[in-house]
>>> print(open('query03.cif').read())   # mmCIF, C-alpha atoms and all ligand atoms
data_structure
#
loop_
_atom_site.label_atom_id
_atom_site.label_comp_id
_atom_site.auth_asym_id
_atom_site.auth_seq_id
_atom_site.Cartn_x
_atom_site.Cartn_y
_atom_site.Cartn_z
CA MET A 1447 -10.99 -24.50 -14.75
CA ALA A 1448 -7.34 -23.86 -13.75
CA MET A 1449 -6.54 -24.50 -10.09
CA LYS A 1450 -6.22 -21.34 -8.04
CA SER A 1451 -2.82 -20.77 -6.51
CA LYS A 1452 -2.21 -21.34 -2.84
CA VAL A 1453 -1.20 -18.11 -1.17
CA LEU A 1454 0.93 -17.26 1.86
CA ILE A 1455 0.37 -13.81 3.34
CA VAL A 1456 3.21 -12.44 5.46
CA GLY A 1457 2.34 -9.44 7.63
CA GLY A 1458 -1.25 -10.64 7.63
CA THR A 1459 -2.38 -8.86 10.78
CA GLY A 1460 -1.31 -5.47 9.45
CA TYR A 1461 -3.35 -2.58 8.09
CA LEU A 1462 -3.15 -3.84 4.52
CA GLY A 1463 -2.27 -7.45 5.35
CA LYS A 1464 -5.63 -8.27 6.92
CA ARG A 1465 -7.39 -7.04 3.81
CA LEU A 1466 -5.15 -9.22 1.65
CA VAL A 1467 -6.08 -12.26 3.73
CA LYS A 1468 -9.79 -11.51 3.32
CA ALA A 1469 -9.45 -10.83 -0.42
CA SER A 1470 -7.46 -14.00 -0.99
CA LEU A 1471 -10.12 -16.08 0.76
CA ALA A 1472 -12.92 -14.23 -1.02
CA GLN A 1473 -11.34 -15.02 -4.40
CA GLY A 1474 -11.21 -18.71 -3.54
CA HIS A 1475 -7.51 -19.21 -2.85
CA GLN A 1476 -6.28 -21.62 -0.22
CA THR A 1477 -4.81 -19.00 2.07
CA TYR A 1478 -2.00 -19.39 4.59
CA VAL A 1479 -1.07 -16.67 7.05
CA LEU A 1480 2.31 -16.48 8.75
CA GLN A 1481 1.81 -16.54 12.51
CA ARG A 1482 5.04 -15.07 13.81
CA LYS A 1483 6.35 -16.51 17.05
CA GLU A 1484 7.15 -12.96 18.19
CA VAL A 1485 3.44 -12.08 18.22
CA GLY A 1486 3.47 -13.70 21.67
CA VAL A 1487 0.64 -12.44 23.84
CA ASP A 1488 -0.42 -9.58 21.57
CA ILE A 1489 -4.07 -10.36 22.08
CA LYS A 1490 -5.32 -8.23 19.17
CA LYS A 1491 -3.07 -10.03 16.70
CA VAL A 1492 -3.82 -13.45 18.13
CA GLN A 1493 -7.57 -12.81 17.95
CA LEU A 1494 -7.25 -11.59 14.37
CA LEU A 1495 -5.27 -14.71 13.42
CA LEU A 1496 -7.94 -16.88 15.01
CA TRP A 1497 -10.60 -15.00 13.09
CA PHE A 1498 -8.70 -15.68 9.84
CA LYS A 1499 -8.77 -19.35 10.78
CA GLN A 1500 -12.53 -19.18 11.28
CA LEU A 1501 -12.83 -17.64 7.82
CA GLY A 1502 -10.95 -20.63 6.39
CA ALA A 1503 -7.29 -19.56 6.42
CA HIS A 1504 -4.49 -21.85 7.59
CA LEU A 1505 -2.11 -20.44 10.17
CA VAL A 1506 1.53 -21.38 9.75
CA THR A 1507 4.02 -20.70 12.50
CA GLY A 1508 7.30 -19.05 11.63
CA SER A 1509 9.74 -16.27 12.34
CA PHE A 1510 12.06 -13.96 10.46
CA ASN A 1511 14.70 -15.17 12.94
CA ASP A 1512 14.27 -18.79 11.84
CA HIS A 1513 15.20 -19.26 8.19
CA GLN A 1514 14.01 -22.87 8.03
CA SER A 1515 10.57 -21.90 9.35
CA LEU A 1516 10.22 -19.42 6.48
CA VAL A 1517 11.35 -22.03 3.93
CA ASN A 1518 8.83 -24.50 5.35
CA ALA A 1519 6.03 -21.94 5.15
CA VAL A 1520 6.90 -20.93 1.60
CA LYS A 1521 6.98 -24.59 0.49
CA LEU A 1522 3.28 -24.93 1.35
CA VAL A 1523 2.14 -22.49 -1.32
CA ASP A 1524 2.58 -21.21 -4.89
CA VAL A 1525 2.40 -17.48 -4.22
CA VAL A 1526 3.82 -15.31 -1.44
CA ILE A 1527 2.49 -11.85 -0.68
CA CYS A 1528 4.30 -9.74 1.87
CA ALA A 1529 2.67 -6.73 3.52
CA ILE A 1530 5.33 -6.05 6.12
CA SER A 1531 5.34 -2.58 7.63
CA GLY A 1532 6.86 0.37 5.83
CA VAL A 1533 5.57 3.52 7.52
CA HIS A 1534 8.18 5.18 9.70
CA ILE A 1535 5.76 6.81 12.12
CA ARG A 1536 4.71 3.25 13.04
CA THR A 1537 7.49 0.88 12.01
CA HIS A 1538 9.57 0.30 8.88
CA GLN A 1539 10.79 -3.28 8.32
CA ILE A 1540 11.08 -3.38 4.53
CA LEU A 1541 14.62 -4.82 4.49
CA LEU A 1542 13.58 -7.79 6.64
CA GLN A 1543 12.09 -9.06 3.41
CA LEU A 1544 15.59 -9.97 2.26
CA LYS A 1545 15.26 -12.95 4.61
CA LEU A 1546 12.00 -13.89 2.92
CA VAL A 1547 13.66 -13.58 -0.49
CA ASP A 1548 16.38 -16.00 0.69
CA ALA A 1549 13.72 -18.44 1.87
CA ILE A 1550 11.78 -18.20 -1.41
CA LYS A 1551 14.99 -18.74 -3.36
CA GLU A 1552 15.87 -21.83 -1.34
CA ALA A 1553 12.34 -23.25 -1.48
CA GLY A 1554 12.42 -22.88 -5.27
CA ASN A 1555 8.69 -23.48 -5.80
CA ILE A 1556 7.21 -19.97 -5.85
CA LYS A 1557 5.37 -18.90 -9.01
CA ARG A 1558 4.82 -15.32 -7.90
CA PHE A 1559 6.04 -13.02 -5.13
CA LEU A 1560 4.41 -9.70 -4.32
CA PRO A 1561 6.75 -7.82 -1.98
CA SER A 1562 5.58 -5.11 0.39
CA GLU A 1563 5.26 -2.13 -1.94
CA PHE A 1564 1.70 -0.84 -2.35
CA GLY A 1565 2.62 2.83 -2.68
CA THR A 1566 4.48 5.14 -5.04
CA ASP A 1567 6.50 3.17 -7.59
CA PRO A 1568 10.02 3.27 -6.08
CA ALA A 1569 11.60 2.79 -9.51
CA ARG A 1570 10.35 6.27 -10.42
CA MET A 1571 11.72 7.88 -7.26
CA GLU A 1572 15.45 7.96 -7.88
CA ASN A 1573 15.36 11.75 -7.38
CA ALA A 1574 13.25 11.62 -4.22
CA MET A 1575 14.09 13.93 -1.35
CA GLU A 1576 15.84 12.99 1.88
CA PRO A 1577 14.94 11.57 4.30
CA GLY A 1578 11.76 10.09 2.79
CA ARG A 1579 13.66 8.45 -0.03
CA VAL A 1580 14.68 5.70 2.40
CA THR A 1581 11.31 4.03 1.78
CA PHE A 1582 11.88 3.91 -1.95
CA ASP A 1583 15.57 2.99 -1.65
CA ASP A 1584 14.81 0.08 0.66
CA LYS A 1585 12.01 -1.17 -1.59
CA MET A 1586 14.47 -1.04 -4.52
CA VAL A 1587 17.02 -3.10 -2.53
CA VAL A 1588 14.34 -5.76 -2.12
CA ARG A 1589 13.45 -5.58 -5.83
CA ARG A 1590 17.09 -6.13 -6.81
CA ALA A 1591 17.34 -9.15 -4.52
CA ILE A 1592 14.15 -10.63 -6.01
CA GLU A 1593 15.33 -10.12 -9.56
CA GLU A 1594 18.86 -11.40 -8.86
CA ALA A 1595 17.35 -14.53 -7.34
CA GLY A 1596 15.20 -15.02 -10.45
CA ILE A 1597 11.97 -15.04 -8.44
CA PRO A 1598 8.83 -14.31 -10.53
CA PHE A 1599 7.23 -11.14 -9.19
CA THR A 1600 4.50 -8.53 -9.44
CA TYR A 1601 5.02 -5.08 -7.94
CA ILE A 1602 1.83 -3.28 -6.91
CA SER A 1603 1.87 0.50 -7.05
CA ALA A 1604 -1.27 1.35 -5.10
CA ASN A 1605 -0.90 5.14 -4.91
CA CYS A 1606 -2.58 6.78 -1.88
CA PHE A 1607 -4.24 4.61 0.75
CA ALA A 1608 -7.61 6.31 1.06
CA GLY A 1609 -7.71 6.15 4.85
CA TYR A 1610 -4.53 8.18 5.17
CA PHE A 1611 -5.20 10.72 2.47
CA LEU A 1612 -8.97 11.15 2.07
CA GLY A 1613 -9.60 10.87 5.79
CA GLY A 1614 -7.51 13.96 6.40
CA LEU A 1615 -8.51 15.84 3.22
CA CYS A 1616 -4.90 15.21 2.11
CA GLN A 1617 -3.45 17.00 5.16
CA PRO A 1618 -0.65 15.13 6.95
CA GLY A 1619 -1.39 14.53 10.62
CA PHE A 1620 -5.15 14.26 10.08
CA ILE A 1621 -7.18 11.13 9.43
CA LEU A 1622 -10.65 12.55 10.03
CA PRO A 1623 -12.02 15.30 7.77
CA SER A 1624 -12.68 18.69 9.31
CA ARG A 1625 -16.09 20.30 8.88
CA ASP A 1626 -14.63 23.79 9.28
CA HIS A 1627 -11.26 24.35 7.69
CA VAL A 1628 -8.74 22.87 5.30
CA LEU A 1629 -5.13 23.73 4.55
CA LEU A 1630 -4.42 23.47 0.83
CA HIS A 1631 -1.02 22.48 -0.49
CA GLY A 1632 -0.12 25.44 -2.67
CA ASP A 1633 -3.02 25.98 -5.06
CA GLY A 1634 -4.38 22.52 -4.19
CA ASN A 1635 -4.56 21.57 -7.85
CA GLN A 1636 -2.00 18.76 -8.12
CA LYS A 1637 -3.69 15.47 -8.95
CA ALA A 1638 -3.19 12.39 -6.80
CA ILE A 1639 -4.78 8.92 -6.91
CA TYR A 1640 -6.81 7.56 -4.00
CA VAL A 1641 -7.60 3.88 -3.53
CA ASP A 1642 -9.78 2.13 -0.96
CA GLU A 1643 -7.50 -0.29 0.88
CA ASP A 1644 -9.93 -3.18 0.33
CA ASP A 1645 -9.80 -2.48 -3.41
CA ILE A 1646 -5.99 -2.55 -3.25
CA ALA A 1647 -6.25 -6.02 -1.77
CA THR A 1648 -8.82 -7.16 -4.34
CA TYR A 1649 -6.74 -5.97 -7.29
CA SER A 1650 -3.53 -7.38 -5.80
CA ILE A 1651 -5.04 -10.85 -5.45
CA LYS A 1652 -6.41 -10.62 -9.01
CA THR A 1653 -2.86 -10.28 -10.34
CA ILE A 1654 -1.37 -13.41 -8.81
CA ASP A 1655 -2.62 -15.98 -11.34
CA ASP A 1656 -2.66 -13.56 -14.25
CA PRO A 1657 0.08 -14.13 -16.86
CA ARG A 1658 -0.28 -10.49 -17.99
CA THR A 1659 1.15 -9.29 -14.69
CA LEU A 1660 4.12 -11.65 -14.49
CA ASN A 1661 7.34 -9.72 -13.79
CA LYS A 1662 5.47 -6.45 -14.19
CA THR A 1663 4.57 -3.42 -12.13
CA VAL A 1664 0.81 -3.01 -11.80
CA TYR A 1665 -0.44 0.49 -11.07
CA ILE A 1666 -3.85 0.90 -9.44
CA ARG A 1667 -5.41 3.97 -10.99
CA PRO A 1668 -9.21 3.97 -10.66
CA ALA A 1669 -10.19 6.55 -13.26
CA GLU A 1670 -12.68 8.50 -11.14
CA ASN A 1671 -10.28 8.66 -8.18
CA ILE A 1672 -7.58 10.75 -9.87
CA LEU A 1673 -8.34 14.07 -8.20
CA SER A 1674 -6.72 17.19 -6.81
CA GLN A 1675 -6.92 18.17 -3.16
CA ARG A 1676 -9.43 20.87 -4.12
CA GLU A 1677 -11.62 18.29 -5.84
CA VAL A 1678 -11.47 16.02 -2.77
CA VAL A 1679 -12.51 18.97 -0.58
CA GLU A 1680 -15.38 19.79 -2.96
CA ILE A 1681 -16.67 16.22 -2.69
CA TRP A 1682 -16.57 16.47 1.11
CA GLU A 1683 -18.27 19.87 1.04
CA LYS A 1684 -21.05 18.41 -1.10
CA LEU A 1685 -21.48 15.54 1.36
CA ILE A 1686 -21.71 17.80 4.42
CA GLY A 1687 -23.61 20.56 2.60
CA LYS A 1688 -21.20 23.23 3.71
CA GLU A 1689 -18.18 25.08 2.34
CA LEU A 1690 -14.97 24.88 4.37
CA LEU A 1691 -12.80 27.85 5.12
CA ASN A 1692 -9.48 27.33 3.43
CA SER A 1693 -5.97 28.66 3.62
CA SER A 1694 -2.85 27.62 1.80
CA ILE A 1695 0.63 26.54 2.75
CA SER A 1696 3.35 27.25 0.23
CA GLU A 1697 5.97 24.74 -0.81
CA GLN A 1698 8.67 26.69 1.06
CA GLU A 1699 6.62 26.90 4.27
CA PHE A 1700 5.83 23.17 4.08
CA LEU A 1701 9.51 22.27 3.69
CA ALA A 1702 10.57 24.63 6.49
CA ILE A 1703 8.05 23.06 8.90
CA MET A 1704 9.13 19.60 7.78
CA LYS A 1705 12.74 20.26 8.73
CA GLU A 1706 11.70 20.98 12.34
CA GLN A 1707 10.10 17.53 12.79
CA ASP A 1708 11.71 14.32 14.00
CA TYR A 1709 13.06 11.80 11.49
CA ALA A 1710 9.98 9.57 11.25
CA GLU A 1711 7.67 12.57 10.70
CA GLN A 1712 10.03 13.96 8.07
CA VAL A 1713 9.93 10.70 6.13
CA GLY A 1714 6.14 10.87 5.93
CA LEU A 1715 6.10 14.57 5.08
CA THR A 1716 8.57 14.02 2.26
CA HIS A 1717 6.08 11.58 0.74
CA TYR A 1718 3.25 14.10 1.07
CA TYR A 1719 5.49 16.70 -0.56
CA HIS A 1720 6.12 14.57 -3.64
CA VAL A 1721 2.45 13.67 -3.94
CA CYS A 1722 0.79 16.98 -3.09
CA TYR A 1723 3.21 19.60 -4.45
CA GLU A 1724 4.88 17.72 -7.27
CA GLY A 1725 2.01 15.51 -8.38
CA TYR A 1726 4.34 12.50 -8.65
CA LEU A 1727 1.60 9.88 -8.78
CA ALA A 1728 -0.37 11.13 -11.73
CA HIS A 1729 2.15 13.01 -13.84
CA PHE A 1730 3.30 10.08 -15.98
CA GLU A 1731 1.75 7.72 -18.49
CA ILE A 1732 1.99 4.00 -17.81
CA GLY A 1733 4.16 2.57 -20.57
CA ASP A 1734 3.99 -0.81 -22.33
CA GLU A 1735 6.32 -2.35 -19.75
CA ALA A 1736 3.71 -2.03 -16.97
CA GLU A 1737 -0.01 -2.69 -16.46
CA GLU A 1738 -2.96 -0.85 -14.92
CA ALA A 1739 -5.34 -2.75 -12.65
CA PHE A 1740 -8.51 -0.79 -13.44
CA THR A 1741 -8.05 -1.66 -17.13
CA LEU A 1742 -7.04 -5.30 -16.51
CA TYR A 1743 -9.97 -5.99 -14.20
CA PRO A 1744 -12.96 -3.89 -15.27
CA GLU A 1745 -15.24 -6.33 -13.42
CA VAL A 1746 -14.06 -4.92 -10.07
CA LYS A 1747 -16.48 -2.29 -8.84
CA TYR A 1748 -14.05 -0.03 -7.07
CA THR A 1749 -14.98 2.45 -4.37
CA THR A 1750 -15.11 6.04 -5.57
CA VAL A 1751 -13.77 8.88 -3.46
CA GLU A 1752 -17.31 10.03 -2.72
CA GLU A 1753 -18.39 6.55 -1.63
CA TYR A 1754 -15.31 6.25 0.58
CA MET A 1755 -15.92 9.60 2.22
CA GLU A 1756 -19.52 8.82 3.12
CA ARG A 1757 -18.16 6.82 6.07
CA TYR A 1758 -17.05 10.04 7.74
CA LEU A 1759 -20.52 11.57 7.81
P1 LIG A 1801 1.68 -2.30 9.15
O1 LIG A 1801 2.40 -1.20 9.86
O2 LIG A 1801 0.24 -2.46 9.43
O3 LIG A 1801 2.46 -3.66 9.49
C1 LIG A 1801 2.26 -4.82 8.72
C2 LIG A 1801 2.86 -6.01 9.37
O4 LIG A 1801 4.29 -5.94 9.40
C3 LIG A 1801 2.52 -6.24 10.84
O5 LIG A 1801 1.21 -6.64 11.02
C4 LIG A 1801 3.53 -7.32 11.19
O6 LIG A 1801 3.08 -8.58 10.71
C5 LIG A 1801 4.71 -6.95 10.30
N1 LIG A 1801 5.82 -6.48 11.13
C6 LIG A 1801 5.93 -5.32 11.80
N2 LIG A 1801 7.09 -5.29 12.49
C7 LIG A 1801 7.71 -6.47 12.24
C8 LIG A 1801 8.93 -7.04 12.67
N3 LIG A 1801 9.77 -6.40 13.49
N4 LIG A 1801 9.25 -8.28 12.21
C9 LIG A 1801 8.43 -8.93 11.39
N5 LIG A 1801 7.25 -8.43 10.94
C10 LIG A 1801 6.90 -7.23 11.38
O7 LIG A 1801 1.93 -2.17 7.58
P2 LIG A 1801 1.04 -1.39 6.51
O8 LIG A 1801 -0.13 -2.23 6.14
O9 LIG A 1801 0.82 0.00 6.96
O10 LIG A 1801 2.05 -1.31 5.27
C11 LIG A 1801 2.14 -2.33 4.30
C12 LIG A 1801 2.79 -1.71 3.04
O11 LIG A 1801 1.97 -0.66 2.54
C13 LIG A 1801 4.18 -1.11 3.26
O12 LIG A 1801 5.01 -1.44 2.17
C14 LIG A 1801 3.93 0.38 3.28
O13 LIG A 1801 5.05 1.14 2.84
C15 LIG A 1801 2.74 0.52 2.36
N6 LIG A 1801 1.89 1.68 2.67
C16 LIG A 1801 1.44 2.48 1.66
C17 LIG A 1801 0.64 3.57 1.93
C18 LIG A 1801 0.11 4.41 0.82
O14 LIG A 1801 -0.57 5.41 1.07
N7 LIG A 1801 0.36 4.03 -0.41
C19 LIG A 1801 0.24 3.91 3.31
C20 LIG A 1801 0.71 2.97 4.29
C21 LIG A 1801 1.51 1.90 3.97
P3 LIG A 1801 2.44 -9.75 11.60
O15 LIG A 1801 1.07 -9.88 11.08
O16 LIG A 1801 3.29 -10.92 11.29
O17 LIG A 1801 2.53 -9.33 13.03
#
>>> encode(input="query03.cif", output="structure tokens")
Amino acid sequence: MAMKSKVLIVGGTGYLGKRLVKASLAQGHQTYVLQRKEVGVDIKKVQLLLWFKQLGAHLVTGSFNDHQSLVNAVKLVDVVICAISGVHIRTHQILLQLKLVDAIKEAGNIKRFLPSEFGTDPARMENAMEPGRVTFDDKMVVRRAIEEAGIPFTYISANCFAGYFLGGLCQPGFILPSRDHVLLHGDGNQKAIYVDEDDIATYSIKTIDDPRTLNKTVYIRPAENILSQREVVEIWEKLIGKELLNSSISEQEFLAIMKEQDYAEQVGLTHYYHVCYEGYLAHFEIGDEAEEAFTLYPEVKYTTVEEYMERYL
């Protein structure tokens, strides 16, 4: 049997990062996690890092402010996965990855790099609206650096993190589903794609030793999870045995409210706009130049929307 690649996870204590660490270990990879010096006395992060160590991960000290430490970390492994933050309402550090790209280039040993993407495919967002397009533009800057450096890559387009979208019945600003009322985006019929964050991690790790995903974008599109907001609400109504009152917010009203928010909120709302009013995630076919995870890895039993939502009961 071929040896499994050794993996370095950067951003390992993050929302997605911790799931990537667990999935990498679960799939039998020797797993290294960058322990940033700047974590300092952040007790939650330190405890999480120690827990990774108990699970079998190796912690490797480094910093984005210390190029050599990144080179040294990268030299320990075959694959680097970065899950650095990219959500403006928390923190957006996507361009810091250029330092990681430099380190990977210098180390010269990396067989695959998965940069911090895990959302809408930025290559399809050249017409995205301001200010939210910054997320896609920055991710494209990183892609160009990777490709110019000749680093083998896989880009994961993970669509909607279920916790953000299903938790709030697709309403921005909500992460727990109401039992009374829901605000529909327009007619609520645009399809989006919802993925359990643990499944995102499982599929991402599956790609790293797979020659079919080399230098490709991999979309995660679990077939049963391609649903409209109305369909998500119906699933929730079935689970709670009650119909919600609903009202609707038009595209114009949504955009007008968006313009009154601060910059970070506007970035997030722009993303919701593209997903919920324009149906950007589901309105295209995946061509021959890309792959789809659900098709590549039918052995993964992904979490359906209904199964995900049971946790809110
Ligand atoms: P988090 O906000 O949880 O942060 C991840 C990690 O980034 C942190 O744990 C930390 O790593 C690192 N980090 C934060 N600030 C700095 C800094 N100043 N210097 C160095 N490292 C830093 O990230 P998410 O898990 O929310 O996001 C990961 C990816 O997923 C992003 O690309 C984001 O755009 C995408 N995403 C997609 C969503 C979707 O619905 N499709 C939803 C949310 C995110 P450390 O462990 O070293 O402390």
>>> residues_near_ligand(input="query03.cif", ligand="ligand LIG 1801 (chain A)", cutoff="6 Å", atoms="all atoms listed in the file", output="PyMOL selection string")
chain A and resi 1457-1463+1481-1482+1485+1529-1533+1536-1537+1539+1562-1565+1604-1607
>>> write_last_selection(input="query03.cif", atoms="C-alpha atoms", output="PDB file, in the coordinates of the input")
ATOM      1  CA  GLY A1457       2.340  -9.440   7.630  1.00  0.00           C
ATOM      2  CA  GLY A1458      -1.250 -10.640   7.630  1.00  0.00           C
ATOM      3  CA  THR A1459      -2.380  -8.860  10.780  1.00  0.00           C
ATOM      4  CA  GLY A1460      -1.310  -5.470   9.450  1.00  0.00           C
ATOM      5  CA  TYR A1461      -3.350  -2.580   8.090  1.00  0.00           C
ATOM      6  CA  LEU A1462      -3.150  -3.840   4.520  1.00  0.00           C
ATOM      7  CA  GLY A1463      -2.270  -7.450   5.350  1.00  0.00           C
ATOM      8  CA  GLN A1481       1.810 -16.540  12.510  1.00  0.00           C
ATOM      9  CA  ARG A1482       5.040 -15.070  13.810  1.00  0.00           C
ATOM     10  CA  VAL A1485       3.440 -12.080  18.220  1.00  0.00           C
ATOM     11  CA  ALA A1529       2.670  -6.730   3.520  1.00  0.00           C
ATOM     12  CA  ILE A1530       5.330  -6.050   6.120  1.00  0.00           C
ATOM     13  CA  SER A1531       5.340  -2.580   7.630  1.00  0.00           C
ATOM     14  CA  GLY A1532       6.860   0.370   5.830  1.00  0.00           C
ATOM     15  CA  VAL A1533       5.570   3.520   7.520  1.00  0.00           C
ATOM     16  CA  ARG A1536       4.710   3.250  13.040  1.00  0.00           C
ATOM     17  CA  THR A1537       7.490   0.880  12.010  1.00  0.00           C
ATOM     18  CA  GLN A1539      10.790  -3.280   8.320  1.00  0.00           C
ATOM     19  CA  SER A1562       5.580  -5.110   0.390  1.00  0.00           C
ATOM     20  CA  GLU A1563       5.260  -2.130  -1.940  1.00  0.00           C
ATOM     21  CA  PHE A1564       1.700  -0.840  -2.350  1.00  0.00           C
ATOM     22  CA  GLY A1565       2.620   2.830  -2.680  1.00  0.00           C
ATOM     23  CA  ALA A1604      -1.270   1.350  -5.100  1.00  0.00           C
ATOM     24  CA  ASN A1605      -0.900   5.140  -4.910  1.00  0.00           C
ATOM     25  CA  CYS A1606      -2.580   6.780  -1.880  1.00  0.00           C
ATOM     26  CA  PHE A1607      -4.240   4.610   0.750  1.00  0.00           C
TER      27      PHE A1607
END
>>> atom_distance(input="query03.cif", atom1="atom CA of Lys1684 of chain A", atom2="atom CA of Ala1728 of chain A")
24.4 Å
>>> closest_residue(input="query03.cif", among="A:Lys1652, A:Lys1557, A:Lys1450, A:Arg1579", to="Gly1596 of chain A", atoms="all atoms listed in the file")
A:Lys1557
>>> residues_around(input="query03.cif", residues="Asp1645 of chain A", least_positions_apart="2", cutoff="10 Å", atoms="only C-alpha atoms", output="list of chain:residue names")
A:Arg1465, A:Leu1466, A:Ala1469, A:Ala1604, A:Phe1607, A:Val1641, A:Asp1642, A:Glu1643, A:Ala1647, A:Thr1648, A:Tyr1649, A:Ser1650, A:Ile1651, A:Ile1666, A:Pro1668, A:Val1746, A:Lys1747, A:Tyr1748, A:Thr1749
>>> write_last_selection(input="query03.cif", atoms="C-alpha atoms", output="short mmCIF file (atom, residue, chain, number, x, y, z; two decimals), in the frame of the given file")
data_model
loop_
_atom_site.label_atom_id
_atom_site.label_comp_id
_atom_site.auth_asym_id
_atom_site.auth_seq_id
_atom_site.Cartn_x
_atom_site.Cartn_y
_atom_site.Cartn_z
CA ARG A 1465 -7.39 -7.04 3.81
CA LEU A 1466 -5.15 -9.22 1.65
CA ALA A 1469 -9.45 -10.83 -0.42
CA ALA A 1604 -1.27 1.35 -5.10
CA PHE A 1607 -4.24 4.61 0.75
CA VAL A 1641 -7.60 3.88 -3.53
CA ASP A 1642 -9.78 2.13 -0.96
CA GLU A 1643 -7.50 -0.29 0.88
CA ALA A 1647 -6.25 -6.02 -1.77
CA THR A 1648 -8.82 -7.16 -4.34
CA TYR A 1649 -6.74 -5.97 -7.29
CA SER A 1650 -3.53 -7.38 -5.80
CA ILE A 1651 -5.04 -10.85 -5.45
CA ILE A 1666 -3.85 0.90 -9.44
CA PRO A 1668 -9.21 3.97 -10.66
CA VAL A 1746 -14.06 -4.92 -10.07
CA LYS A 1747 -16.48 -2.29 -8.84
CA TYR A 1748 -14.05 -0.03 -7.07
CA THR A 1749 -14.98 2.45 -4.37
#
>>> residues_around(input="query03.cif", residues="segment 1506-1517 of chain A", least_positions_apart="2", cutoff="12 Å", atoms="all atoms listed in the file", output="PyMOL selection string")
chain A and resi 1453-1458+1477-1486+1495-1496+1498-1499+1503-1504+1519-1523+1526+1530+1539+1541-1556
>>> atom_distance(input="query03.cif", atom1="atom CA of Glu1576 of chain A", atom2="atom CA of Ile1527 of chain A")
28.3 Å
>>> closest_residue(input="query03.cif", among="A:Pro1623, A:Gly1714, A:Gly1502, A:Pro1598", to="Pro1577 of chain A", atoms="all atoms listed in the file")
A:Gly1714
>>> atom_distance(input="query03.cif", atom1="atom CA of Gly1474 of chain A", atom2="atom CA of Val1751 of chain A")
27.7 Å
>>> residues_around(input="query03.cif", residues="Gln1698 of chain A", least_positions_apart="4", cutoff="12 Å", atoms="only C-alpha atoms", output="PyMOL selection string")
chain A and resi 1631-1632+1694+1702-1705+1719+1723
>>> decode(input="query03.cif", residues="segment 1657-1667 of chain A", atoms="N, CA, C and O atoms", output="PDB file, in the first residue's frame")
ATOM      1  N   PRO A1657      -4.365  11.479  -7.337  1.00  0.00           N
ATOM      2  CA  PRO A1657      -3.839  12.103  -8.560  1.00  0.00           C
ATOM      3  C   PRO A1657      -4.925  12.795  -9.391  1.00  0.00           C
ATOM      4  O   PRO A1657      -4.638  13.720 -10.157  1.00  0.00           O
ATOM      5  N   ARG A1658      -6.187  12.376  -9.198  1.00  0.00           N
ATOM      6  CA  ARG A1658      -7.278  12.996  -9.984  1.00  0.00           C
ATOM      7  C   ARG A1658      -7.524  14.450  -9.595  1.00  0.00           C
ATOM      8  O   ARG A1658      -8.154  15.196 -10.335  1.00  0.00           O
ATOM      9  N   THR A1659      -7.039  14.822  -8.416  1.00  0.00           N
ATOM     10  CA  THR A1659      -7.334  16.183  -7.930  1.00  0.00           C
ATOM     11  C   THR A1659      -6.118  17.102  -8.016  1.00  0.00           C
ATOM     12  O   THR A1659      -6.174  18.241  -7.551  1.00  0.00           O
ATOM     13  N   LEU A1660      -5.044  16.602  -8.618  1.00  0.00           N
ATOM     14  CA  LEU A1660      -3.820  17.401  -8.720  1.00  0.00           C
ATOM     15  C   LEU A1660      -4.039  18.602  -9.643  1.00  0.00           C
ATOM     16  O   LEU A1660      -4.484  18.448 -10.783  1.00  0.00           O
ATOM     17  N   ASN A1661      -3.727  19.770  -9.129  1.00  0.00           N
ATOM     18  CA  ASN A1661      -3.871  21.033  -9.878  1.00  0.00           C
ATOM     19  C   ASN A1661      -5.295  21.244 -10.389  1.00  0.00           C
ATOM     20  O   ASN A1661      -5.526  21.742 -11.486  1.00  0.00           O
ATOM     21  N   LYS A1662      -6.252  20.845  -9.553  1.00  0.00           N
ATOM     22  CA  LYS A1662      -7.662  20.977  -9.918  1.00  0.00           C
ATOM     23  C   LYS A1662      -8.432  21.705  -8.806  1.00  0.00           C
ATOM     24  O   LYS A1662      -8.022  21.692  -7.648  1.00  0.00           O
ATOM     25  N   THR A1663      -9.564  22.240  -9.192  1.00  0.00           N
ATOM     26  CA  THR A1663     -10.549  22.684  -8.202  1.00  0.00           C
ATOM     27  C   THR A1663     -11.478  21.511  -7.930  1.00  0.00           C
ATOM     28  O   THR A1663     -11.910  20.832  -8.866  1.00  0.00           O
ATOM     29  N   VAL A1664     -11.753  21.273  -6.656  1.00  0.00           N
ATOM     30  CA  VAL A1664     -12.699  20.221  -6.276  1.00  0.00           C
ATOM     31  C   VAL A1664     -13.901  20.893  -5.611  1.00  0.00           C
ATOM     32  O   VAL A1664     -13.754  21.564  -4.586  1.00  0.00           O
ATOM     33  N   TYR A1665     -15.057  20.728  -6.215  1.00  0.00           N
ATOM     34  CA  TYR A1665     -16.291  21.266  -5.638  1.00  0.00           C
ATOM     35  C   TYR A1665     -16.913  20.199  -4.751  1.00  0.00           C
ATOM     36  O   TYR A1665     -16.933  19.025  -5.117  1.00  0.00           O
ATOM     37  N   ILE A1666     -17.432  20.629  -3.600  1.00  0.00           N
ATOM     38  CA  ILE A1666     -18.149  19.678  -2.731  1.00  0.00           C
ATOM     39  C   ILE A1666     -19.640  19.962  -2.895  1.00  0.00           C
ATOM     40  O   ILE A1666     -20.139  21.003  -2.472  1.00  0.00           O
ATOM     41  N   ARG A1667     -20.291  19.020  -3.568  1.00  0.00           N
ATOM     42  CA  ARG A1667     -21.717  19.205  -3.879  1.00  0.00           C
ATOM     43  C   ARG A1667     -22.510  17.966  -3.509  1.00  0.00           C
ATOM     44  O   ARG A1667     -22.933  17.212  -4.393  1.00  0.00           O
TER      45      ARG A1667
END
